[in-house]
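Here's run.pdb, which has PDB, C-alpha atoms and all ligand atoms:
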```pdb
MODEL        1
ATOM      1  CA  MET P  20      49.662 101.296 107.167
ATOM      2  CA  MET P  21      52.737 100.012 105.312
ATOM      3  CA  ARG P  22      54.106 103.579 105.068
ATOM      4  CA  LYS P  23      53.778 104.015 108.821
ATOM      5  CA  LEU P  24      55.509 100.670 109.387
ATOM      6  CA  VAL P  25      58.414 101.604 107.116
ATOM      7  CA  LEU P  26      58.769 105.032 108.753
ATOM      8  CA  GLY P  27      58.640 103.346 112.165
ATOM      9  CA  VAL P  28      61.393 100.894 111.199
ATOM     10  CA  LEU P  29      63.537 103.701 109.771
ATOM     11  CA  ALA P  30      63.059 105.717 112.956
ATOM     12  CA  VAL P  31      64.113 102.748 115.116
ATOM     13  CA  LEU P  32      67.151 102.144 112.883
ATOM     14  CA  ALA P  33      68.125 105.818 112.979
ATOM     15  CA  PHE P  34      67.582 106.002 116.728
ATOM     16  CA  GLY P  35      69.508 102.766 117.214
ATOM     17  CA  GLY P  36      72.403 104.105 115.111
ATOM     18  CA  ALA P  37      72.453 107.389 117.006
ATOM     19  CA  ALA P  38      72.318 105.570 120.332
ATOM     20  CA  ALA P  39      75.165 103.266 119.264
ATOM     21  CA  ALA P  40      77.226 106.265 118.195
ATOM     22  CA  GLN P  41      76.440 108.043 121.446
ATOM     23  CA  ASN P  42      77.495 105.023 123.551
ATOM     24  CA  TYR P  43      80.585 104.380 121.430
ATOM     25  CA  PRO P  44      82.860 102.787 122.363
ATOM     26  CA  SER P  45      81.355 100.203 124.667
ATOM     27  CA  ARG P  46      83.796  97.322 123.904
ATOM     28  CA  PRO P  47      87.394  96.829 122.674
ATOM     29  CA  ILE P  48      88.401  98.321 119.329
ATOM     30  CA  THR P  49      90.634  96.463 116.854
ATOM     31  CA  ILE P  50      93.117  98.179 114.567
ATOM     32  CA  ILE P  51      94.053  95.876 111.696
ATOM     33  CA  VAL P  52      97.742  96.305 110.804
ATOM     34  CA  PRO P  53      98.281  94.672 107.398
ATOM     35  CA  PHE P  54     101.939  93.754 108.049
ATOM     36  CA  SER P  55     103.830  91.555 110.523
ATOM     37  CA  ALA P  56     104.395  92.418 114.132
ATOM     38  CA  GLY P  57     107.639  94.283 114.763
ATOM     39  CA  GLY P  58     107.669  96.222 111.484
ATOM     40  CA  PRO P  59     107.277  99.991 111.137
ATOM     41  CA  SER P  60     103.500  99.907 110.684
ATOM     42  CA  ASP P  61     103.033  97.650 113.684
ATOM     43  CA  VAL P  62     105.349  99.718 115.888
ATOM     44  CA  MET P  63     103.584 102.993 115.087
ATOM     45  CA  ALA P  64     100.117 101.476 115.459
ATOM     46  CA  ARG P  65     100.937 100.009 118.876
ATOM     47  CA  ILE P  66     102.371 103.282 120.178
ATOM     48  CA  LEU P  67      99.236 105.157 119.088
ATOM     49  CA  ALA P  68      96.778 102.450 120.209
ATOM     50  CA  GLU P  69      98.266 102.452 123.705
ATOM     51  CA  ARG P  70      97.522 106.185 124.042
ATOM     52  CA  MET P  71      94.180 106.162 122.170
ATOM     53  CA  LYS P  72      92.670 103.801 124.719
ATOM     54  CA  THR P  73      93.050 106.534 127.362
ATOM     55  CA  THR P  74      90.834 108.880 125.366
ATOM     56  CA  LEU P  75      88.371 106.226 124.224
ATOM     57  CA  GLY P  76      88.121 104.433 127.560
ATOM     58  CA  GLU P  77      88.244 101.027 125.896
ATOM     59  CA  THR P  78      91.064  98.677 124.921
ATOM     60  CA  VAL P  79      92.495  99.374 121.468
ATOM     61  CA  GLN P  80      94.084  96.144 120.273
ATOM     62  CA  ILE P  81      96.226  95.410 117.219
ATOM     63  CA  GLU P  82      95.514  92.529 114.889
ATOM     64  CA  ASN P  83      98.208  91.744 112.280
ATOM     65  CA  VAL P  84      96.522  90.481 109.121
ATOM     66  CA  THR P  85      99.292  90.082 106.539
ATOM     67  CA  GLY P  86      99.855  89.167 102.896
ATOM     68  CA  ALA P  87      99.652  90.543  99.368
ATOM     69  CA  GLY P  88     101.373  93.826 100.148
ATOM     70  CA  GLY P  89      98.922  94.592 102.931
ATOM     71  CA  SER P  90      95.835  94.295 100.721
ATOM     72  CA  ILE P  91      94.474  91.281 102.615
ATOM     73  CA  GLY P  92      94.418  93.138 105.915
ATOM     74  CA  VAL P  93      92.851  96.227 104.380
ATOM     75  CA  GLY P  94      90.199  94.041 102.735
ATOM     76  CA  ARG P  95      89.366  92.498 106.111
ATOM     77  CA  ALA P  96      88.807  95.982 107.544
ATOM     78  CA  VAL P  97      86.785  97.133 104.520
ATOM     79  CA  ARG P  98      84.425  94.175 104.958
ATOM     80  CA  SER P  99      84.003  94.700 108.711
ATOM     81  CA  ALA P 100      80.852  96.170 110.266
ATOM     82  CA  PRO P 101      80.848  99.999 110.005
ATOM     83  CA  ASP P 102      80.485 100.330 113.792
ATOM     84  CA  GLY P 103      83.867 101.779 114.761
ATOM     85  CA  TYR P 104      85.165  98.543 116.299
ATOM     86  CA  THR P 105      87.400  97.567 113.369
ATOM     87  CA  ILE P 106      89.824 100.187 112.014
ATOM     88  CA  SER P 107      92.276  99.977 109.110
ATOM     89  CA  PHE P 108      95.890 101.104 109.608
ATOM     90  CA  GLY P 109      97.721 101.687 106.350
ATOM     91  CA  HIS P 110      99.856 103.975 104.266
ATOM     92  CA  LEU P 111     101.007 105.053 100.825
ATOM     93  CA  GLY P 112     101.506 101.420  99.858
ATOM     94  CA  THR P 113      98.290  99.856 101.129
ATOM     95  CA  HIS P 114      95.896 102.753 100.572
ATOM     96  CA  VAL P 115      97.350 104.086  97.301
ATOM     97  CA  ALA P 116      99.790 101.759  95.498
ATOM     98  CA  ASN P 117      97.807  98.544  95.991
ATOM     99  CA  GLY P 118      94.936 100.064  94.024
ATOM    100  CA  ALA P 119      97.256 100.266  90.977
ATOM    101  CA  ILE P 120      98.633  96.746  91.346
ATOM    102  CA  TYR P 121      95.927  94.386  92.626
ATOM    103  CA  LYS P 122      92.348  93.618  91.661
ATOM    104  CA  LEU P 123      91.366  94.493  95.203
ATOM    105  CA  GLY P 124      87.637  93.770  95.176
ATOM    106  CA  TYR P 125      87.197  97.053  97.060
ATOM    107  CA  ASP P 126      87.756 100.745  96.319
ATOM    108  CA  LEU P 127      90.420 102.414  98.453
ATOM    109  CA  VAL P 128      88.529 105.705  98.425
ATOM    110  CA  THR P 129      84.802 104.935  98.301
ATOM    111  CA  ASP P 130      84.847 101.846 100.554
ATOM    112  CA  LEU P 131      86.637 103.573 103.436
ATOM    113  CA  GLU P 132      86.058 106.603 105.645
ATOM    114  CA  PRO P 133      89.253 108.542 106.354
ATOM    115  CA  VAL P 134      89.922 108.986 110.078
ATOM    116  CA  ALA P 135      93.348 110.626 110.530
ATOM    117  CA  LEU P 136      96.639 111.224 108.698
ATOM    118  CA  LEU P 137      99.476 109.811 110.829
ATOM    119  CA  PRO P 138     103.224 110.619 110.978
ATOM    120  CA  SER P 139     105.433 110.032 107.981
ATOM    121  CA  ASN P 140     108.756 108.364 107.463
ATOM    122  CA  THR P 141     111.550 109.278 105.181
ATOM    123  CA  MET P 142     112.936 106.195 103.448
ATOM    124  CA  ILE P 143     116.543 105.110 103.865
ATOM    125  CA  VAL P 144     118.751 102.946 101.640
ATOM    126  CA  VAL P 145     120.287 100.258 103.845
ATOM    127  CA  SER P 146     122.412  97.186 103.103
ATOM    128  CA  LYS P 147     123.849  94.185 104.877
ATOM    129  CA  ASN P 148     127.262  94.874 106.419
ATOM    130  CA  ALA P 149     129.004  92.534 103.990
ATOM    131  CA  VAL P 150     128.411  94.926 101.073
ATOM    132  CA  PRO P 151     131.838  96.526 100.346
ATOM    133  CA  ALA P 152     130.518 100.083 100.032
ATOM    134  CA  LYS P 153     131.028 102.997 102.383
ATOM    135  CA  SER P 154     128.901 105.548 100.530
ATOM    136  CA  LEU P 155     125.849 105.638  98.301
ATOM    137  CA  GLY P 156     128.116 106.218  95.315
ATOM    138  CA  GLU P 157     130.115 103.106  96.136
ATOM    139  CA  LEU P 158     126.880 101.148  96.703
ATOM    140  CA  LEU P 159     125.543 102.169  93.273
ATOM    141  CA  ALA P 160     128.865 101.162  91.671
ATOM    142  CA  TRP P 161     128.749  97.802  93.466
ATOM    143  CA  LEU P 162     125.166  97.229  92.342
ATOM    144  CA  LYS P 163     125.976  98.127  88.729
ATOM    145  CA  ALA P 164     129.009  95.823  88.682
ATOM    146  CA  ARG P 165     127.060  92.772  89.866
ATOM    147  CA  PRO P 166     126.303  90.059  87.286
ATOM    148  CA  GLU P 167     122.916  89.406  88.951
ATOM    149  CA  PRO P 168     120.437  91.923  90.429
ATOM    150  CA  ALA P 169     120.853  92.398  94.174
ATOM    151  CA  ALA P 170     118.219  90.900  96.499
ATOM    152  CA  ALA P 171     116.037  93.687  97.924
ATOM    153  CA  GLY P 172     113.700  92.877 100.807
ATOM    154  CA  THR P 173     110.147  94.227 100.685
ATOM    155  CA  ALA P 174     106.860  93.727 102.500
ATOM    156  CA  GLY P 175     105.291  92.399  99.298
ATOM    157  CA  ALA P 176     104.188  93.871  95.969
ATOM    158  CA  GLY P 177     102.651  97.291  96.572
ATOM    159  CA  SER P 178     104.179  97.760 100.006
ATOM    160  CA  GLY P 179     106.007 100.962 100.832
ATOM    161  CA  SER P 180     109.371  99.225 100.665
ATOM    162  CA  HIS P 181     108.425  97.823  97.258
ATOM    163  CA  ILE P 182     107.279 101.214  95.879
ATOM    164  CA  ALA P 183     110.495 102.732  97.195
ATOM    165  CA  GLY P 184     112.430  99.970  95.428
ATOM    166  CA  LEU P 185     110.633 100.668  92.155
ATOM    167  CA  TYR P 186     111.413 104.363  92.542
ATOM    168  CA  PHE P 187     115.084 103.493  93.278
ATOM    169  CA  GLU P 188     115.214 101.360  90.109
ATOM    170  CA  ASN P 189     113.610 104.184  88.105
ATOM    171  CA  ILE P 190     116.030 106.842  89.276
ATOM    172  CA  THR P 191     119.232 104.734  89.138
ATOM    173  CA  GLY P 192     118.510 102.435  86.179
ATOM    174  CA  ILE P 193     119.646  99.548  88.437
ATOM    175  CA  LYS P 194     117.507  96.378  88.429
ATOM    176  CA  LEU P 195     116.649  94.781  91.787
ATOM    177  CA  GLN P 196     115.435  91.272  92.581
ATOM    178  CA  TYR P 197     112.619  91.672  95.128
ATOM    179  CA  VAL P 198     112.302  89.265  98.059
ATOM    180  CA  PRO P 199     108.817  89.649  99.577
ATOM    181  CA  TYR P 200     108.135  89.201 103.309
ATOM    182  CA  ARG P 201     104.971  89.686 105.356
ATOM    183  CA  GLY P 202     106.526  92.874 106.683
ATOM    184  CA  THR P 203     109.867  94.639 106.857
ATOM    185  CA  GLY P 204     110.269  93.415 110.411
ATOM    186  CA  PRO P 205     111.150  89.913 109.139
ATOM    187  CA  ALA P 206     112.948  91.420 106.139
ATOM    188  CA  MET P 207     115.197  93.333 108.552
ATOM    189  CA  ASN P 208     116.047  90.116 110.394
ATOM    190  CA  ASP P 209     117.312  88.652 107.113
ATOM    191  CA  LEU P 210     119.224  91.821 106.234
ATOM    192  CA  VAL P 211     121.035  91.750 109.585
ATOM    193  CA  ALA P 212     121.752  88.054 108.982
ATOM    194  CA  GLY P 213     123.105  88.870 105.517
ATOM    195  CA  GLN P 214     120.471  86.750 103.735
ATOM    196  CA  ILE P 215     119.426  89.667 101.503
ATOM    197  CA  ASP P 216     121.487  92.576 100.193
ATOM    198  CA  LEU P 217     119.438  95.720 100.797
ATOM    199  CA  ILE P 218     116.112  97.344 101.631
ATOM    200  CA  VAL P 219     114.809 100.772 100.704
ATOM    201  CA  ASP P 220     113.214 100.935 104.095
ATOM    202  CA  GLN P 221     111.222 103.239 106.332
ATOM    203  CA  LEU P 222     113.728 105.046 108.549
ATOM    204  CA  SER P 223     111.830 104.048 111.705
ATOM    205  CA  ASN P 224     112.426 100.391 110.865
ATOM    206  CA  SER P 225     116.148 100.733 110.167
ATOM    207  CA  ILE P 226     117.284 103.478 112.502
ATOM    208  CA  ASN P 227     118.107 101.324 115.527
ATOM    209  CA  GLN P 228     119.971  98.745 113.423
ATOM    210  CA  VAL P 229     121.990 101.511 111.729
ATOM    211  CA  ARG P 230     122.797 103.030 115.130
ATOM    212  CA  ALA P 231     123.873  99.574 116.376
ATOM    213  CA  GLY P 232     126.065  99.022 113.308
ATOM    214  CA  THR P 233     124.320  95.761 112.370
ATOM    215  CA  ILE P 234     123.405  97.168 108.951
ATOM    216  CA  ARG P 235     124.741 100.051 106.850
ATOM    217  CA  GLY P 236     122.751 103.210 106.126
ATOM    218  CA  TYR P 237     123.630 105.222 102.998
ATOM    219  CA  ALA P 238     121.105 107.992 102.392
ATOM    220  CA  VAL P 239     117.657 109.209 103.335
ATOM    221  CA  THR P 240     115.066 110.198 100.735
ATOM    222  CA  ASP P 241     114.049 113.506 102.263
ATOM    223  CA  THR P 242     115.137 116.997 101.235
ATOM    224  CA  LYS P 243     116.789 117.412 104.654
ATOM    225  CA  ARG P 244     118.620 115.095 107.039
ATOM    226  CA  SER P 245     116.621 113.414 109.789
ATOM    227  CA  GLU P 246     117.361 114.997 113.188
ATOM    228  CA  SER P 247     117.416 111.516 114.725
ATOM    229  CA  ALA P 248     119.926 110.249 112.136
ATOM    230  CA  SER P 249     121.813 113.430 111.281
ATOM    231  CA  ASP P 250     124.958 111.557 110.232
ATOM    232  CA  ILE P 251     123.104 109.979 107.303
ATOM    233  CA  PRO P 252     123.234 112.212 104.203
ATOM    234  CA  THR P 253     120.246 112.901 101.997
ATOM    235  CA  ALA P 254     120.189 111.243  98.578
ATOM    236  CA  ASP P 255     120.646 114.748  97.127
ATOM    237  CA  GLU P 256     123.889 115.154  99.093
ATOM    238  CA  ALA P 257     125.021 111.581  98.390
ATOM    239  CA  GLY P 258     124.914 111.877  94.597
ATOM    240  CA  LEU P 259     121.384 110.680  93.801
ATOM    241  CA  PRO P 260     119.588 114.026  93.374
ATOM    242  CA  GLY P 261     115.794 114.043  93.299
ATOM    243  CA  PHE P 262     115.297 110.725  95.119
ATOM    244  CA  HIS P 263     112.590 112.140  97.407
ATOM    245  CA  MET P 264     109.974 109.978  99.055
ATOM    246  CA  THR P 265     108.205 110.025 102.407
ATOM    247  CA  LEU P 266     105.877 107.257 103.469
ATOM    248  CA  TRP P 267     102.848 108.678 105.298
ATOM    249  CA  SER P 268     100.450 106.474 107.291
ATOM    250  CA  GLY P 269      96.810 106.807 108.220
ATOM    251  CA  LEU P 270      93.746 105.343 109.884
ATOM    252  CA  TRP P 271      90.502 104.529 108.068
ATOM    253  CA  ALA P 272      87.132 103.078 109.047
ATOM    254  CA  PRO P 273      84.755 101.020 106.882
ATOM    255  CA  LYS P 274      82.396 102.996 104.616
ATOM    256  CA  GLY P 275      79.177 103.892 106.438
ATOM    257  CA  THR P 276      80.765 104.287 109.882
ATOM    258  CA  PRO P 277      78.678 107.011 111.595
ATOM    259  CA  LYS P 278      80.302 110.456 111.498
ATOM    260  CA  GLU P 279      80.066 110.776 115.290
ATOM    261  CA  ILE P 280      82.189 107.634 115.619
ATOM    262  CA  VAL P 281      84.736 108.825 113.043
ATOM    263  CA  THR P 282      84.938 112.098 114.983
ATOM    264  CA  LYS P 283      85.613 110.241 118.255
ATOM    265  CA  LEU P 284      88.312 108.109 116.607
ATOM    266  CA  ASN P 285      89.910 111.180 115.031
ATOM    267  CA  ALA P 286      89.915 112.989 118.378
ATOM    268  CA  ALA P 287      91.626 110.031 120.053
ATOM    269  CA  ALA P 288      94.273 109.838 117.309
ATOM    270  CA  VAL P 289      94.904 113.597 117.456
ATOM    271  CA  GLU P 290      95.170 113.504 121.251
ATOM    272  CA  ALA P 291      97.735 110.701 120.932
ATOM    273  CA  LEU P 292      99.709 112.653 118.341
ATOM    274  CA  ASN P 293      99.716 115.706 120.621
ATOM    275  CA  ASP P 294     100.876 113.707 123.656
ATOM    276  CA  PRO P 295     104.505 114.704 124.434
ATOM    277  CA  ALA P 296     105.519 111.160 125.415
ATOM    278  CA  VAL P 297     104.070 109.739 122.177
ATOM    279  CA  ARG P 298     105.735 112.467 120.111
ATOM    280  CA  LYS P 299     109.079 111.706 121.761
ATOM    281  CA  GLN P 300     108.762 107.979 120.989
ATOM    282  CA  LEU P 301     107.803 108.575 117.352
ATOM    283  CA  GLU P 302     110.327 111.366 116.694
ATOM    284  CA  ASN P 303     113.102 109.246 118.193
ATOM    285  CA  LEU P 304     112.274 106.719 115.467
ATOM    286  CA  GLY P 305     112.779 109.449 112.894
ATOM    287  CA  LEU P 306     109.064 109.961 112.228
ATOM    288  CA  GLN P 307     107.788 113.390 111.217
ATOM    289  CA  MET P 308     104.586 114.442 112.953
ATOM    290  CA  THR P 309     101.464 115.243 110.943
ATOM    291  CA  PRO P 310     101.180 118.993 110.193
ATOM    292  CA  LYS P 311      98.536 120.567 112.423
ATOM    293  CA  ASP P 312      96.441 121.633 109.418
ATOM    294  CA  LYS P 313      96.245 118.051 108.141
ATOM    295  CA  LEU P 314      94.775 116.327 111.194
ATOM    296  CA  SER P 315      91.104 116.249 110.148
ATOM    297  CA  PRO P 316      89.467 113.216 108.501
ATOM    298  CA  GLU P 317      88.825 115.362 105.406
ATOM    299  CA  ALA P 318      92.540 116.223 105.193
ATOM    300  CA  LEU P 319      93.421 112.520 105.005
ATOM    301  CA  GLY P 320      90.763 111.985 102.328
ATOM    302  CA  GLU P 321      92.132 114.819 100.184
ATOM    303  CA  TRP P 322      95.731 113.699 100.770
ATOM    304  CA  GLN P 323      94.991 110.107  99.755
ATOM    305  CA  LYS P 324      93.299 111.206  96.522
ATOM    306  CA  ALA P 325      96.225 113.509  95.654
ATOM    307  CA  GLU P 326      98.715 110.687  96.307
ATOM    308  CA  ILE P 327      96.734 108.333  94.057
ATOM    309  CA  ALA P 328      96.976 110.909  91.247
ATOM    310  CA  LYS P 329     100.705 111.336  91.936
ATOM    311  CA  TRP P 330     101.813 107.679  92.230
ATOM    312  CA  TRP P 331      99.522 105.588  90.058
ATOM    313  CA  PRO P 332     101.124 106.566  86.703
ATOM    314  CA  MET P 333     104.625 105.401  87.843
ATOM    315  CA  ILE P 334     103.300 102.260  89.493
ATOM    316  CA  LYS P 335     101.161 101.276  86.518
ATOM    317  CA  ALA P 336     104.087 101.965  84.173
ATOM    318  CA  ALA P 337     106.178  99.538  86.235
ATOM    319  CA  ASN P 338     103.689  96.865  85.178
ATOM    320  CA  VAL P 339     104.077  94.958  88.458
ATOM    321  CA  LYS P 340     102.958  91.345  88.054
ATOM    322  CA  VAL P 341     101.246  89.815  91.074
ATOM    323  CA  ASP P 342     100.413  86.107  91.091
TER
HETATM  324  C1  LIG P 401     106.011  98.379 104.042
HETATM  325  O1  LIG P 401     105.199  98.980 103.379
HETATM  326  O2  LIG P 401     107.160  98.130 103.701
HETATM  327  C2  LIG P 401     105.497  97.979 105.380
HETATM  328  O3  LIG P 401     105.058  99.134 106.047
HETATM  329  C3  LIG P 401     106.447  97.235 106.172
HETATM  330  C4  LIG P 401     105.916  96.954 107.538
HETATM  331  O4  LIG P 401     105.239  97.814 108.113
HETATM  332  O5  LIG P 401     106.206  95.849 107.989
ENDMDL
END
```
Show me the file's structure as structure tokens.
Amino acid sequence: MMRKLVLGVLAVLAFGGAAAAQNYPSRPITIIVPFSAGGPSDVMARILAERMKTTLGETVQIENVTGAGGSIGVGRAVRSAPDGYTISFGHLGTHVANGAIYKLGYDLVTDLEPVALLPSNTMIVVSKNAVPAKSLGELLAWLKARPEPAAAGTAGAGSGSHIAGLYFENITGIKLQYVPYRGTGPAMNDLVAGQIDLIVDQLSNSINQVRAGTIRGYAVTDTKRSESASDIPTADEAGLPGFHMTLWSGLWAPKGTPKEIVTKLNAAAVEALNDPAVRKQLENLGLQMTPKDKLSPEALGEWQKAEIAKWWPMIKAANVKVD
């Protein structure tokens, strides 16, 4: 009797899950962006969400849940129901670096289902206009000559801008004083206002300010110049060889989200990434589109694991203290 009851309950649960997956989505979907509105993560997420709703037939809204280098927002997504209605937007910082810096209370690999690898950003070294340097070489000389470390804006310990800063310190031997914000949107406001000295920023966040001349761009951290900022030299060209870093982003769902739902979310993301108008918007911000062979959920999962293996040793060696 009991066995029949248990089998009956399991059948109802399985049927219910399959029915939910089949009817998905039947209400608005929330993408949690773990940084402030107006920053590079938020801008990319909103561009994609706007197009994903066409495929999914439901509103795809953005919720900015900030703090602790993005780990608070990711934690909120991890602890959400695995029903496809709460998705985690993140990147190299939030879904790789934070695992080496914070006691997260969740596992970045086993507590999330990868959905799709999103476009990547080269980083760019930018400063306030008041810095008396006209080239990366002059900037490095200015930094070395300072009695105190320069103030470098970041989106918090473990954020992409922070990891890029650590890498910059490693490769130049120059110490920086980090100033954490809830995103590099607000950090950029302070850079333009001259309140901080520099950011090693995602190109998409700096490109319009560099074009407008409100901040100074020195070098990009890719092996080739960005087509949308072709006047900015690479770090290799500018005298800092080997300073290579691109910040990739991605979408994840909570562990246990049905595969059919992950497949629908992946299809919507891929359709957005293949949309010419979306591509134009993202490429104009200097973003590099995801390679076609890396668009599956499995590709993001493999990529994330490889990036953990690549970055954790340097990040752990930096012995970042978080309060
Ligand atoms: C960062 O990692 O620096 C963040 O992506 C900044 C942001 O998106 O606001």
* Exercise: Gly86 in chain P partners within 12 Å, only C-alpha atoms, chain neighbours under 3 positions left out, as a list in words ->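 Contacts, with the query itself left out: Val52, Pro53, Phe54, Ser55, Asn83, Gly89, Ser90, Ile91, Gly92, Val93, Gly94, Arg95, Thr113, Asn117, Thr173, Ala174, Gly175, Ala176, Gly177, Ser178, Pro199, Tyr200, Arg201, Gly202 and Val341 of chain P.
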* Could you tell me which residues the PyMOL selection byres (((chain P and resi 167) around 12) and not hetatm) returns for this structure, as an MDAnalysis selection string? => chainID P and resid 161:166 168:170 193:196 216
Selected residues written out, C-alpha atoms, as an mmCIF file, in the coordinates of the input:
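To be explicit, this is the file written out as selection_39.cif:
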```cif
data_model
loop_
_atom_site.group_PDB
_atom_site.id
_atom_site.type_symbol
_atom_site.label_atom_id
_atom_site.label_comp_id
_atom_site.auth_asym_id
_atom_site.auth_seq_id
_atom_site.Cartn_x
_atom_site.Cartn_y
_atom_site.Cartn_z
ATOM 1 C CA TRP P 161 128.749 97.802 93.466
ATOM 2 C CA LEU P 162 125.166 97.229 92.342
ATOM 3 C CA LYS P 163 125.976 98.127 88.729
ATOM 4 C CA ALA P 164 129.009 95.823 88.682
ATOM 5 C CA ARG P 165 127.060 92.772 89.866
ATOM 6 C CA PRO P 166 126.303 90.059 87.286
ATOM 7 C CA PRO P 168 120.437 91.923 90.429
ATOM 8 C CA ALA P 169 120.853 92.398 94.174
ATOM 9 C CA ALA P 170 118.219 90.900 96.499
ATOM 10 C CA ILE P 193 119.646 99.548 88.437
ATOM 11 C CA LYS P 194 117.507 96.378 88.429
ATOM 12 C CA LEU P 195 116.649 94.781 91.787
ATOM 13 C CA GLN P 196 115.435 91.272 92.581
ATOM 14 C CA ASP P 216 121.487 92.576 100.193
#
```
* **Among listed residues P:Ala171, P:Leu210, P:Leu266, P:Leu185, nearest ligand LIG 401 (chain P) (using only C-alpha atoms and all ligand atoms)** =>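 Smallest distance to ligand LIG 401 (chain P) is found for P:Leu266.
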* Run through the PyMOL selection byres (((chain P and resi 285-294) around 12) and not hetatm) on the given coordinates and return the selected residues as a ChimeraX atom specification. => /P:44,63-77,79,103,106,108,132-138,269-272,278-284,295-302,306-319
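One finds CA of Asn208 in chain P at 27.2 Å from CA of Tyr121 in chain P.
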* Asked: So which one's closest to ligand LIG 401 (chain P), P:Met333, P:Gly57, P:His263, P:Asp250? Using all atoms listed in the file, please.
  ->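 For ligand LIG 401 (chain P), the nearest of the given residues is P:Gly57.
CA of Thr253 in chain P lies 20.5 Å from CA of Pro59 in chain P.
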* Using all atoms listed in the file, which residue out of P:Val144, P:Ala149, P:Ile190, P:Leu259 lies closest to Ser225 in chain P? -> P:Val144
* **Nearest to ligand LIG 401 (chain P), chosen from P:Thr233, P:Asn42, P:Asn227, P:Asn140, with all atoms listed in the file counted in the distances** =>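 When distances to ligand LIG 401 (chain P) are compared using all atoms listed in the file, the smallest one comes from P:Asn140.
Candidate residues P:Lys122, P:Arg235, P:Lys153, P:His181 were compared for distance to ligand LIG 401 (chain P), and the nearest is P:His181, using only C-alpha atoms and all ligand atoms.
Put simply, CA of Thr191 in chain P is 18.6 Å away from CA of Lys335 in chain P.
For the choices P:Ala40, P:Val25, P:Val84, P:Ile48, the atom-to-atom distance to ligand LIG 401 (chain P) is smallest for P:Val84 when using all atoms listed in the file.
Within the file as shown, the PyMOL selection byres (((chain P and resi 207) around 10) and not hetatm) identifies Gly57, Gly58, Val145, Ser146, Lys147, Gly172, Thr173, Tyr200, Gly202, Thr203, Gly204, Pro205, Ala206, Asn208, Asp209, Leu210, Val211, Ala212, Gly213, Gln214, Ile215, Leu217, Ile218, Asp220, Asn224, Ser225, Gln228 and Ile234 of chain P.
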* Surrounding residues of Ile226 in chain P excluding itself and chain neighbours under 5 positions, 10 Å, all atoms listed in the file, as a ChimeraX atom specification -> /P:143,145,220-221,231-232,234-236,247-248,303-305
Generate the missing atoms of range 83-92 of chain P up to N, CA, C and O atoms and report them as a tab-separated table (two decimals), in the frame of the given file.
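Just written: out29.tsv:
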```tsv
chain	number	residue	atom	x	y	z
P	83	ASN	N	97.38	91.76	113.49
P	83	ASN	CA	98.21	91.74	112.28
P	83	ASN	C	97.59	90.79	111.27
P	83	ASN	O	97.54	89.59	111.51
P	84	VAL	N	97.11	91.31	110.19
P	84	VAL	CA	96.52	90.48	109.12
P	84	VAL	C	97.36	90.73	107.87
P	84	VAL	O	97.27	91.79	107.26
P	85	THR	N	98.23	89.79	107.52
P	85	THR	CA	99.29	90.08	106.54
P	85	THR	C	99.00	89.46	105.17
P	85	THR	O	98.06	88.69	105.00
P	86	GLY	N	99.89	89.81	104.22
P	86	GLY	CA	99.86	89.17	102.90
P	86	GLY	C	99.46	90.13	101.79
P	86	GLY	O	98.76	91.13	102.02
P	87	ALA	N	100.00	89.81	100.60
P	87	ALA	CA	99.65	90.54	99.37
P	87	ALA	C	99.85	92.05	99.53
P	87	ALA	O	98.94	92.86	99.26
P	88	GLY	N	101.02	92.41	100.06
P	88	GLY	CA	101.37	93.83	100.15
P	88	GLY	C	100.47	94.62	101.07
P	88	GLY	O	100.37	95.84	100.96
P	89	GLY	N	99.80	93.91	101.97
P	89	GLY	CA	98.92	94.59	102.93
P	89	GLY	C	97.47	94.61	102.49
P	89	GLY	O	96.57	94.97	103.26
P	90	SER	N	97.20	94.17	101.25
P	90	SER	CA	95.84	94.30	100.72
P	90	SER	C	94.86	93.32	101.37
P	90	SER	O	93.66	93.57	101.38
P	91	ILE	N	95.38	92.22	101.94
P	91	ILE	CA	94.47	91.28	102.62
P	91	ILE	C	93.94	91.90	103.91
P	91	ILE	O	92.74	91.89	104.19
P	92	GLY	N	94.83	92.51	104.65
P	92	GLY	CA	94.42	93.14	105.92
P	92	GLY	C	93.47	94.30	105.70
P	92	GLY	O	92.49	94.48	106.42
```
